[in-house]
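Structure data (mmCIF, C-alpha atoms and all ligand atoms) from final-v7.cif:
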data_run
loop_
_atom_site.label_atom_id
_atom_site.label_comp_id
_atom_site.auth_asym_id
_atom_site.auth_seq_id
_atom_site.Cartn_x
_atom_site.Cartn_y
_atom_site.Cartn_z
CA MET A 1 10.40 -6.54 50.97
CA GLY A 2 7.52 -8.49 49.40
CA LYS A 3 6.19 -5.21 48.06
CA LYS A 4 9.57 -4.43 46.44
CA LEU A 5 9.73 -7.86 44.77
CA ALA A 6 6.24 -7.41 43.40
CA GLN A 7 7.20 -3.97 42.06
CA ASN A 8 10.38 -5.36 40.44
CA SER A 9 8.47 -8.13 38.74
CA SER A 10 5.90 -5.63 37.48
CA ASN A 11 8.74 -3.45 36.10
CA ILE A 12 10.25 -6.47 34.32
CA LYS A 13 6.87 -7.26 32.79
CA LYS A 14 6.52 -3.65 31.62
CA THR A 15 10.01 -3.70 30.05
CA LYS A 16 9.31 -6.99 28.26
CA SER A 17 6.10 -5.68 26.79
CA ALA A 18 7.88 -2.48 25.69
CA ILE A 19 10.49 -4.59 23.87
CA ARG A 20 7.78 -6.63 22.20
CA ARG A 21 6.11 -3.41 21.06
CA SER A 22 9.32 -2.00 19.58
CA LYS A 23 9.95 -5.24 17.67
CA SER A 24 6.63 -4.94 15.89
CA GLU A 25 7.29 -3.43 12.48
CA ILE A 26 3.95 -1.69 12.28
CA ARG A 27 2.35 0.47 14.91
CA PRO A 28 -0.16 -1.87 16.52
CA ARG A 29 -3.12 0.44 16.96
CA ASN A 30 -5.11 -2.73 17.38
CA PRO A 31 -3.39 -5.59 19.24
CA LYS A 32 -4.81 -8.14 16.80
CA SER A 33 -3.69 -6.03 13.86
CA GLU A 34 -0.71 -8.05 12.56
CA VAL A 35 -2.78 -11.17 12.02
CA ALA A 36 -5.85 -9.29 10.98
CA ARG A 37 -3.90 -7.34 8.42
CA SER A 38 -2.55 -10.22 6.41
CA GLY A 39 -5.80 -12.13 6.83
CA SER A 40 -7.89 -9.33 5.46
CA SER A 41 -5.63 -8.80 2.47
CA THR A 42 -5.69 -12.48 1.62
CA SER A 43 -9.44 -12.46 1.66
CA ALA A 44 -9.40 -9.54 -0.75
CA ILE A 45 -7.31 -11.58 -3.15
CA ARG A 46 -9.40 -14.70 -2.76
CA ASN A 47 -12.53 -12.71 -3.51
CA SER A 48 -10.80 -11.34 -6.53
CA GLN A 49 -11.20 -14.64 -8.35
CA SER A 50 -14.31 -12.96 -9.66
CA GLU A 51 -12.03 -10.04 -10.63
CA ILE A 52 -13.69 -7.79 -8.07
CA PRO A 53 -11.36 -6.61 -5.33
CA ALA A 54 -13.53 -6.68 -2.23
CA PRO A 55 -12.86 -3.90 0.29
CA ASN A 56 -10.96 -5.33 3.23
CA PRO A 57 -12.77 -5.25 6.53
CA ARG A 58 -11.22 -2.56 8.72
CA ILE A 59 -9.98 -4.92 11.41
CA GLY A 60 -6.33 -3.92 11.48
CA GLU A 61 -6.54 -0.29 10.37
CA PRO A 62 -4.78 -0.45 6.98
CA LEU A 63 -1.87 1.92 6.40
CA VAL A 64 -1.95 1.85 2.61
CA ALA A 65 -4.93 2.40 0.32
CA ILE A 66 -4.70 0.85 -3.13
CA VAL A 67 -7.32 2.47 -5.31
CA MET A 68 -7.92 1.79 -9.00
CA GLY A 69 -10.22 3.20 -11.63
CA SER A 70 -11.80 -0.07 -12.71
CA GLN A 71 -11.99 -3.69 -11.77
CA SER A 72 -10.11 -4.33 -15.02
CA ASP A 73 -7.06 -2.81 -13.27
CA TRP A 74 -7.07 -5.45 -10.54
CA GLU A 75 -5.23 -8.05 -12.61
CA THR A 76 -2.28 -5.62 -12.60
CA MET A 77 -2.75 -4.10 -9.17
CA ARG A 78 -2.89 -7.40 -7.34
CA SER A 79 0.92 -7.29 -7.66
CA ALA A 80 0.91 -4.24 -5.37
CA SER A 81 -1.34 -5.99 -2.89
CA GLU A 82 0.75 -9.18 -2.93
CA THR A 83 3.95 -7.20 -2.42
CA LEU A 84 2.50 -5.39 0.60
CA GLU A 85 1.43 -8.75 1.96
CA LYS A 86 5.00 -10.00 1.80
CA PHE A 87 5.93 -7.14 4.12
CA ASN A 88 2.90 -7.77 6.28
CA VAL A 89 1.60 -4.26 5.66
CA ALA A 90 -2.13 -3.83 6.12
CA HIS A 91 -3.86 -2.31 3.15
CA GLU A 92 -7.24 -1.77 1.61
CA CYS A 93 -8.03 -2.28 -2.08
CA ARG A 94 -10.89 -0.33 -3.66
CA VAL A 95 -12.27 0.49 -7.08
CA ILE A 96 -12.80 4.26 -7.20
CA SER A 97 -13.04 6.19 -10.44
CA ALA A 98 -12.22 9.87 -10.84
CA HIS A 99 -14.65 10.00 -13.75
CA ARG A 100 -17.35 7.47 -12.99
CA SER A 101 -17.59 8.01 -9.24
CA PRO A 102 -16.15 11.51 -8.73
CA ALA A 103 -17.93 12.13 -5.41
CA LEU A 104 -16.56 8.88 -3.97
CA ALA A 105 -13.05 9.83 -5.11
CA VAL A 106 -13.29 13.14 -3.26
CA GLU A 107 -14.88 11.57 -0.20
CA PHE A 108 -12.30 8.77 0.10
CA SER A 109 -9.23 10.94 -0.54
CA SER A 110 -10.41 13.74 1.78
CA SER A 111 -10.93 11.38 4.69
CA ALA A 112 -7.96 9.05 4.05
CA GLU A 113 -5.59 10.66 6.53
CA ALA A 114 -8.18 10.82 9.30
CA LYS A 115 -8.86 7.12 8.74
CA GLY A 116 -5.21 6.32 9.43
CA PHE A 117 -3.88 5.75 5.94
CA GLU A 118 -0.28 6.88 5.46
CA VAL A 119 0.23 6.23 1.76
CA ILE A 120 -2.11 6.08 -1.23
CA ILE A 121 -1.41 4.02 -4.34
CA ALA A 122 -3.68 5.13 -7.19
CA ALA A 123 -3.86 3.25 -10.47
CA ALA A 124 -5.73 4.30 -13.59
CA GLY A 125 -5.62 3.93 -17.33
CA GLY A 126 -6.35 6.12 -20.34
CA ALA A 127 -7.09 9.70 -19.27
CA ALA A 128 -5.75 8.67 -15.89
CA HIS A 129 -6.76 11.40 -13.45
CA LEU A 130 -7.27 9.30 -10.34
CA ALA A 131 -3.86 9.86 -8.73
CA GLY A 132 -4.04 13.60 -9.42
CA VAL A 133 -7.54 13.93 -8.01
CA PHE A 134 -6.49 12.02 -4.89
CA ALA A 135 -3.38 14.16 -4.48
CA ALA A 136 -5.53 17.29 -4.74
CA HIS A 137 -7.56 16.22 -1.70
CA THR A 138 -4.89 14.93 0.65
CA THR A 139 -1.33 15.72 1.64
CA LEU A 140 -0.56 12.03 2.05
CA PRO A 141 2.00 10.76 -0.47
CA VAL A 142 0.19 9.56 -3.60
CA LEU A 143 1.92 7.01 -5.81
CA GLY A 144 0.42 6.80 -9.28
CA VAL A 145 0.52 3.61 -11.34
CA PRO A 146 -0.32 4.05 -15.05
CA MET A 147 -2.29 1.11 -16.45
CA LYS A 148 -1.47 -0.39 -19.82
CA SER A 149 -4.23 0.72 -22.19
CA ASP A 150 -5.43 -0.94 -25.38
CA ALA A 151 -5.18 2.14 -27.56
CA LEU A 152 -1.78 3.54 -26.61
CA LYS A 153 -0.20 0.75 -24.54
CA GLY A 154 -0.26 2.91 -21.41
CA LEU A 155 1.54 5.95 -22.80
CA ASP A 156 -1.69 7.92 -22.32
CA SER A 157 -1.97 6.69 -18.72
CA LEU A 158 1.69 7.44 -18.04
CA LEU A 159 1.53 10.99 -19.30
CA SER A 160 -1.71 11.85 -17.55
CA THR A 161 -0.37 10.44 -14.28
CA VAL A 162 3.16 11.84 -14.40
CA GLN A 163 2.57 15.28 -15.92
CA MET A 164 1.14 16.99 -12.86
CA PRO A 165 1.42 20.77 -12.89
CA ALA A 166 3.60 22.19 -10.11
CA GLY A 167 1.90 22.38 -6.74
CA ILE A 168 0.19 18.99 -6.43
CA PRO A 169 2.72 16.17 -6.65
CA VAL A 170 2.08 12.60 -7.72
CA ALA A 171 4.99 10.16 -7.67
CA SER A 172 4.54 8.19 -10.88
CA LEU A 173 5.76 4.63 -11.28
CA ALA A 174 6.28 2.50 -14.39
CA ILE A 175 3.40 1.31 -16.59
CA GLY A 176 1.70 -1.91 -15.52
CA LYS A 177 2.87 -4.67 -13.18
CA PRO A 178 6.43 -3.41 -12.59
CA GLY A 179 4.89 -0.09 -11.53
CA ALA A 180 2.37 -1.84 -9.28
CA THR A 181 5.09 -3.85 -7.54
CA ASN A 182 7.37 -0.85 -7.20
CA ALA A 183 4.55 1.32 -5.87
CA ALA A 184 4.16 -1.16 -3.03
CA LEU A 185 7.92 -1.23 -2.39
CA PHE A 186 7.95 2.56 -2.43
CA ALA A 187 5.09 2.60 0.04
CA VAL A 188 7.07 0.27 2.30
CA ALA A 189 10.09 2.60 2.01
CA ILE A 190 7.93 5.57 3.05
CA LEU A 191 6.42 3.66 5.96
CA ALA A 192 9.91 2.49 7.00
CA ASN A 193 10.69 6.09 8.04
CA SER A 194 8.34 5.71 10.96
CA HIS A 195 8.21 1.89 11.27
CA PRO A 196 11.85 0.78 11.76
CA GLY A 197 11.10 -2.95 11.47
CA LEU A 198 10.05 -2.36 7.87
CA ARG A 199 13.42 -0.84 7.02
CA GLU A 200 15.09 -4.07 8.11
CA LYS A 201 12.67 -6.11 6.01
CA LEU A 202 13.36 -3.89 3.02
CA TRP A 203 17.12 -4.42 3.38
CA ASN A 204 16.61 -8.17 3.66
CA PHE A 205 14.50 -8.08 0.51
CA ARG A 206 17.27 -6.17 -1.32
CA GLN A 207 19.86 -8.66 -0.11
CA GLU A 208 17.76 -11.58 -1.34
CA GLN A 209 17.63 -9.99 -4.79
CA ASP A 210 21.36 -9.38 -4.73
CA GLN A 211 22.12 -12.97 -3.74
CA LYS A 212 19.81 -14.29 -6.42
CA ILE A 213 21.65 -12.32 -9.10
CA ARG A 214 25.06 -13.39 -7.79
CA ALA A 215 23.99 -17.04 -7.76
CA THR A 216 22.62 -16.97 -11.31
CA GLU A 217 24.48 -19.27 -13.67
CA LEU A 218 23.75 -19.19 -17.38
CA THR A 219 23.28 -22.61 -18.90
C1 LIG A 301 -9.80 3.81 -16.27
O1 LIG A 301 -10.23 3.37 -17.50
C2 LIG A 301 -9.50 2.57 -15.50
O2 LIG A 301 -8.49 2.84 -14.56
C3 LIG A 301 -9.09 1.57 -16.53
O3 LIG A 301 -7.69 1.40 -16.59
C4 LIG A 301 -9.60 2.16 -17.81
C5 LIG A 301 -10.57 1.24 -18.53
O4 LIG A 301 -11.63 0.93 -17.65
P1 LIG A 301 -12.72 -0.15 -18.04
O5 LIG A 301 -13.38 0.37 -19.29
O6 LIG A 301 -11.99 -1.45 -18.28
O7 LIG A 301 -13.66 -0.23 -16.88
O8 LIG A 301 -10.76 4.59 -15.64
#

Starting from the file, lay out its structure as structure tokens.
Amino acid sequence: MGKKLAQNSSNIKKTKSAIRRSKSEIRPRNPKSEVARSGSSTSAIRNSQSEIPAPNPRIGEPLVAIVMGSQSDWETMRSASETLEKFNVAHECRVISAHRSPALAVEFSSSAEAKGFEVIIAAAGGAAHLAGVFAAHTTLPVLGVPMKSDALKGLDSLLSTVQMPAGIPVASLAIGKPGATNAALFAVAILANSHPGLREKLWNFRQEQDQKIRATELT
């Protein structure tokens, strides 16, 4: 009898922990990951006061990599990082250049999947090859964000990101901050396919936008 009670209570405990697990919007490969994730991203942003996005420590195994060709892109790409933070999605921000550090670009993109990344956001300006080079070395979805350039206002970046020849796809977003924000939202939408809690958050976010528009009164 006592044995049965003990077994029942252990079953209840197991069920409770299973429910807790399913409520978590992101696969907790590391039990501390939820906290670690937002913490590490915040530290990346704080460090960025010097305009240098520090690589996040790999405490919570980031799901999204945000890579950019230069530290001058960070001012724009912080919008992607901040948007992912709102959804509590762990991510890593890095400066990697297809032109200036080609070996690093190959190394990072080739090993991204094995490291646990599920989506790559790649931002670059001018002759913007970063997203294409990344896409060539991984089958993970690569979202390209064209940076606004001085010479051509980002038209150069847009065309070199979006005009991928058939065979190696890059999903290209809008030029600049809107593209950075939408790249993060797109990443959340991709992750939501396998992390159901994120789908709910995405719907809530859409509803908030809808309500805001409905409540807008022109004065
Ligand atoms: C690209 O060249 C970068 O992505 C950046 O948008 C652009 C200019 O880089 P900096 O000269 O500001 O370093 O590789």

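Across the model, the gap from CA of Met77 in chain A to CA of Gln211 in chain A is 27.0 Å.
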
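With all atoms listed in the file as the basis for measurement, A:Met147 is the residue among A:Leu198, A:Met147, A:Cys93, A:Ala189 that approaches ligand LIG 301 (chain A) most closely.
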
| task | Go ahead and compute the interatomic distance for CA of Pro178 in chain A and atom P1 of ligand LIG 301 (chain A), in Å to one decimal. | result | 20.2 Å

Identify, counting all atoms listed in the file, the protein, DNA and RNA residues located within 7 Å of ligand LIG 301 (chain A), and give them as a compact mmCIF listing (two decimals) with C-alpha atoms, in the frame of the given file.
# COMPACT_ATOMS: atom_id res chain seq x y z
CA MET A 68 -7.92 1.79 -9.00
CA GLY A 69 -10.22 3.20 -11.63
CA SER A 70 -11.80 -0.07 -12.71
CA GLN A 71 -11.99 -3.69 -11.77
CA SER A 72 -10.11 -4.33 -15.02
CA ASP A 73 -7.06 -2.81 -13.27
CA SER A 97 -13.04 6.19 -10.44
CA HIS A 99 -14.65 10.00 -13.75
CA ALA A 123 -3.86 3.25 -10.47
CA ALA A 124 -5.73 4.30 -13.59
CA GLY A 125 -5.62 3.93 -17.33
CA GLY A 126 -6.35 6.12 -20.34
CA ALA A 128 -5.75 8.67 -15.89
CA MET A 147 -2.29 1.11 -16.45
CA SER A 149 -4.23 0.72 -22.19

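Note that the spacing between CA of Gly176 in chain A and CA of Thr76 in chain A amounts to 6.2 Å.
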
| A:Val162, A:Ile121, A:Ala103, A:Ala135 ranked by distance to Arg78 in chain A, top pick (using all atoms listed in the file) |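 The answer is A:Ile121, which sits nearest to Arg78 in chain A.
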
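Residue nearest Lys86 in chain A, chosen from A:Arg206, A:Lys201, A:Lys212, A:Arg100 and counting only C-alpha atoms: A:Lys201.
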
| Nearest-residue call for Val67 in chain A, choices A:Phe117, A:Ile190, A:Ala122, A:Val89, using all atoms listed in the file | A:Ala122

Box in all listed atoms of range 137-151 of chain A, axis-aligned, with 8 Å more on each side; write out centre and edge lengths in Å to one decimal as JSON.
{"center_x": -2.8, "center_y": 7.6, "center_z": -12.8, "size_x": 25.6, "size_y": 33.2, "size_z": 45.6}

| Closest of A:Ala166, A:Ile175, A:Phe87, A:Val133 to Trp203 in chain A - atom-to-atom distances counting all atoms listed in the file |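 Looking at the shortest contact to Trp203 in chain A, the residue is A:Phe87.
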
| request: With a distance cut-off of 7 Å and all atoms listed in the file, select the neighbouring residues of range 107-112 of chain A, excluding the residue or stretch itself and same-chain residues fewer than 5 positions from it, and output the selection as a list of chain:residue names. | output: A:Phe117, A:Phe134, A:His137, A:Thr138

| query | For Ala98 in chain A, which residue among A:Leu130, A:Ser79, A:His195, A:Leu202 is the nearest when counting all atoms listed in the file? | reply | A:Leu130

Please output range 173-193 of chain A, rebuilt to include N, CA and C atoms, as a PDB file, keeping the file's coordinate frame.
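In the end it all went to selection_16.pdb:
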ATOM      1  N   LEU A 173       4.956   5.834 -11.099  1.00  0.00           N
ATOM      2  CA  LEU A 173       5.760   4.630 -11.280  1.00  0.00           C
ATOM      3  C   LEU A 173       5.669   4.158 -12.736  1.00  0.00           C
ATOM      4  N   ALA A 174       6.276   3.037 -13.019  1.00  0.00           N
ATOM      5  CA  ALA A 174       6.280   2.500 -14.390  1.00  0.00           C
ATOM      6  C   ALA A 174       4.887   1.994 -14.784  1.00  0.00           C
ATOM      7  N   ILE A 175       4.677   1.831 -16.071  1.00  0.00           N
ATOM      8  CA  ILE A 175       3.400   1.310 -16.590  1.00  0.00           C
ATOM      9  C   ILE A 175       3.242  -0.164 -16.209  1.00  0.00           C
ATOM     10  N   GLY A 176       2.051  -0.506 -15.724  1.00  0.00           N
ATOM     11  CA  GLY A 176       1.700  -1.910 -15.520  1.00  0.00           C
ATOM     12  C   GLY A 176       2.279  -2.566 -14.272  1.00  0.00           C
ATOM     13  N   LYS A 177       2.489  -3.897 -14.362  1.00  0.00           N
ATOM     14  CA  LYS A 177       2.870  -4.670 -13.180  1.00  0.00           C
ATOM     15  C   LYS A 177       4.168  -4.220 -12.506  1.00  0.00           C
ATOM     16  N   PRO A 178       5.218  -3.883 -13.277  1.00  0.00           N
ATOM     17  CA  PRO A 178       6.430  -3.410 -12.590  1.00  0.00           C
ATOM     18  C   PRO A 178       6.125  -2.172 -11.735  1.00  0.00           C
ATOM     19  N   GLY A 179       5.272  -1.295 -12.271  1.00  0.00           N
ATOM     20  CA  GLY A 179       4.890  -0.090 -11.530  1.00  0.00           C
ATOM     21  C   GLY A 179       4.082  -0.434 -10.285  1.00  0.00           C
ATOM     22  N   ALA A 180       3.200  -1.427 -10.417  1.00  0.00           N
ATOM     23  CA  ALA A 180       2.370  -1.840  -9.280  1.00  0.00           C
ATOM     24  C   ALA A 180       3.246  -2.400  -8.153  1.00  0.00           C
ATOM     25  N   THR A 181       4.187  -3.258  -8.532  1.00  0.00           N
ATOM     26  CA  THR A 181       5.090  -3.850  -7.540  1.00  0.00           C
ATOM     27  C   THR A 181       5.954  -2.758  -6.891  1.00  0.00           C
ATOM     28  N   ASN A 182       6.498  -1.895  -7.742  1.00  0.00           N
ATOM     29  CA  ASN A 182       7.370  -0.850  -7.200  1.00  0.00           C
ATOM     30  C   ASN A 182       6.606   0.176  -6.355  1.00  0.00           C
ATOM     31  N   ALA A 183       5.357   0.398  -6.687  1.00  0.00           N
ATOM     32  CA  ALA A 183       4.550   1.320  -5.870  1.00  0.00           C
ATOM     33  C   ALA A 183       4.448   0.765  -4.445  1.00  0.00           C
ATOM     34  N   ALA A 184       4.251  -0.544  -4.357  1.00  0.00           N
ATOM     35  CA  ALA A 184       4.160  -1.160  -3.030  1.00  0.00           C
ATOM     36  C   ALA A 184       5.502  -1.068  -2.299  1.00  0.00           C
ATOM     37  N   LEU A 185       6.589  -1.316  -3.031  1.00  0.00           N
ATOM     38  CA  LEU A 185       7.920  -1.230  -2.390  1.00  0.00           C
ATOM     39  C   LEU A 185       8.216   0.205  -1.965  1.00  0.00           C
ATOM     40  N   PHE A 186       7.770   1.147  -2.774  1.00  0.00           N
ATOM     41  CA  PHE A 186       7.950   2.560  -2.430  1.00  0.00           C
ATOM     42  C   PHE A 186       7.129   2.906  -1.187  1.00  0.00           C
ATOM     43  N   ALA A 187       5.933   2.371  -1.138  1.00  0.00           N
ATOM     44  CA  ALA A 187       5.090   2.600   0.040  1.00  0.00           C
ATOM     45  C   ALA A 187       5.770   2.042   1.297  1.00  0.00           C
ATOM     46  N   VAL A 188       6.358   0.865   1.155  1.00  0.00           N
ATOM     47  CA  VAL A 188       7.070   0.270   2.300  1.00  0.00           C
ATOM     48  C   VAL A 188       8.238   1.175   2.704  1.00  0.00           C
ATOM     49  N   ALA A 189       8.947   1.712   1.713  1.00  0.00           N
ATOM     50  CA  ALA A 189      10.090   2.600   2.010  1.00  0.00           C
ATOM     51  C   ALA A 189       9.612   3.855   2.756  1.00  0.00           C
ATOM     52  N   ILE A 190       8.467   4.384   2.358  1.00  0.00           N
ATOM     53  CA  ILE A 190       7.930   5.570   3.050  1.00  0.00           C
ATOM     54  C   ILE A 190       7.545   5.204   4.485  1.00  0.00           C
ATOM     55  N   LEU A 191       6.856   4.086   4.623  1.00  0.00           N
ATOM     56  CA  LEU A 191       6.420   3.660   5.960  1.00  0.00           C
ATOM     57  C   LEU A 191       7.622   3.342   6.849  1.00  0.00           C
ATOM     58  N   ALA A 192       8.720   2.876   6.224  1.00  0.00           N
ATOM     59  CA  ALA A 192       9.910   2.490   7.000  1.00  0.00           C
ATOM     60  C   ALA A 192      10.498   3.683   7.763  1.00  0.00           C
ATOM     61  N   ASN A 193      10.201   4.905   7.316  1.00  0.00           N
ATOM     62  CA  ASN A 193      10.690   6.090   8.040  1.00  0.00           C
ATOM     63  C   ASN A 193      10.142   6.156   9.452  1.00  0.00           C
TER      64      ASN A 193
END
